[in-house]
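Enquirer: Take a look at this one; I'll ask things after.
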Amino acid sequence: MPKVLISDKMSPKAAEVFRNRGIEVDEKPGLSPEELKAIIGEYDGLAVRSATKPNEDILSAADNMKVIGRAGIGVDNIDMNAASARGIVVMNTPFGNSITTAEHAIALMFAVARQLPEADASTQAGKWEKSRFMGVEVTGKTLGLIGAGNIGSIVASRALGLRMKVIAYDPFLTEERAQELGIRKGTLDEVLAQADFITLHTPLTDQTRNILSRGNLEKTKKGVRIVNCARGGLIDEAALKDLLESGHVAGAALDVFAEEPAKENPLFGTPGFVATPHLGASTTEAQVNVAIQVAEQMSDYLLSGAVTNALNTPSVSAEDAPKLKPYMVLAEKLGLLAGQLIEEGLSKVTVEAEGALSELNLKPITSAVLAGLLRPMSDSVNMVNAPVLARDRGIDIAEVRHEREGDYHTLLRLTVETSKGARSIAGTLFGENNPRLVELFGIGMEAELSGQMLYVENADKPGFIGAVGSTLGKADINIGTFNLGRRGGGGEAIMLVSVDGEISEPLLWDICRLEGVQDVKALRF
Ligand SMILES: NC(=O)c1ccc[n+]([C@@H]2O[C@H](COP(=O)([O-])OP(=O)(O)OC[C@H]3O[C@@H](n4cnc5c(N)ncnc54)[C@H](O)[C@@H]3O)[C@@H](O)[C@H]2O)c1
Ligand SMILES: O=C(O)[C@H](O)COP(=O)(O)O
């Protein structure tokens, strides 16, 4: 039975879902990094919010970990490279808290428009300072969005309902989408120059870090009010303090900070400044949504291999997962065969699907091919990191679907291009579940790829098969299956022999010395 750890404060619904799905679950919020590292090896899954930070050191002890689920959106607390390198799927819940966070941004916009926190504190202190708190209306004002994805779009719709005009800067926002949302698309400079209110809704990336730098803050309209419910690090906090103090910025509300938990911050106490402790996602509704969703997604993956909302591996629906499973085994074996047979200069990999396979999602199949293909070159390769490793090595990857059905009702063909030319191999499923090689370098051959195998390329001459058999016999190696294929009579022939014992270097040399041998290799599956 898989075992999952919930290491952050999460709605009890998450544990309930895991238990209902037959998964053992421990809830231990608030562990120190050392405590987490000490126990993480026991678990197949880890469910987190933003407080747990599974870094490389902690993950080095995660020997059984298969999946990390983020009950929320941002995954900047998770070391994605370290997780991918260990084959751990990382998934989030991209929509479960979007409305809640958008509503928090709107709440903070009103808080800065009407100085609500300061007015509240003053009134409860018995001051009744009615003339001190003069606010502004939002109706008719321009809201500048930086980032118009899920949350930004919801903020836009709410702002339009408040009769605001909305302009957005988002390099990935199309004109059509902007029109659909009823907003204008602008450059960053246009947003800075025109907005009365600015709200931020981007992830923290190398491109967005410090997007509201001192220089950009100085480009804003005098009297602008700024809200950040996305990520700390998007705004230069020291510059924001200076501009609040000078009166250029009339108000600013931050839910997120460059350093969290923000127990001290230069902005604290600055007039016109409002702070909340990363509460964007903190409503009952959002927390129930993300807890249920993350637990369902993690359970699906652990129990059936279905992948939803993964950030480092392709999605596989629950319906497709059982259908894809035998193909992934086939794909990995074909990749492993090719990876052990090709020598150098791999530049392109083409994955072709024919017949029944052409109707399935090819992305996971390609990942499995690449994992097999690259395994002989790297110990740490897996389905999650293989596409990244392939891209890093400059390997071009192509996927082709053919609806036609050939000799087999379903076929997976893999063509690898190296400095020596293109070579292709193909496999099918026998009886829906049993992977079989059916073609090797253009030569028809049926073989099960498993255990230790001997590969021999030779000139097709009488007596050769006997010579290989007796060489193996002399080395006390038992033959399991003998699989043969040839290109025409007396031409090139290929032999794939499954054997029981280890194929040693001296044995390979003995076979290599047999007359007509062109290539020989020991393969392992
Ligand atoms: N405060 C909270 O508690 C809280 C809650 C939920 C989400 N968030 C954060 O809010 C952010 C946005 O979430 P989302 O669900 O809308 O994400 P999303 O992926 O749907 O949208 C992000 C948008 O940012 C845009 N973007 C990327 N780089 C950009 C750049 N250089 N300049 C301008 N735009 C850029 C993208 O094109 C995308 O449209 C995330 O960082 C998330 O972690 C915070
Ligand atoms: O990215 C998110 O989903 C938010 O930052 C929420 O974070 P939290 O789950 O720690 O509240």
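Each chain in the structure tokens gets a letter, A, B and so on, in the order shown; residues start at 1 in every chain, and ligands are counted from 1 in the order they appear.
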When DSSP works through the backbone of this structure, what residues of stretch 186-309 of chain A end up as alpha helix (DSSP H), shown as an MDAnalysis selection string?
Expert: chainID A and resid 188:194 214:218 237:246 284:304
Enquirer: Might you pull out every residue within 12 Å of A:His248, with only C-alpha atoms counted and same-chain residues fewer than 6 positions away left off, and present them as a PyMOL selection string?
Expert: chain A and resi 196+217-226+239-242+272
Enquirer: Which residue out of A:Lys348, A:Lys363, A:Arg70, A:Arg436 has the minimum interatomic distance to ligand 1 when only C-alpha atoms and all ligand atoms are used?
Expert: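 Of A:Lys348, A:Lys363, A:Arg70, A:Arg436, the one nearest ligand 1, counting only C-alpha atoms and all ligand atoms, is A:Arg70.
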Enquirer: Find the spatial neighbours of stretch 197-202 of chain A, counting only C-alpha atoms, within a cut-off of 6 Å - ignore same-chain residues fewer than 5 positions away - and output them as a ChimeraX atom specification.
Expert: /A:143-147,152,224-228,230
Enquirer: Can you tell me which residues sit at most 6 Å away from ligand 1, counting only C-alpha atoms and all ligand atoms, written as a ChimeraX atom specification?
Expert: /A:73-74,94,97-98,101,146-152,169-172,201-204,207-208,229-231,255,278-281
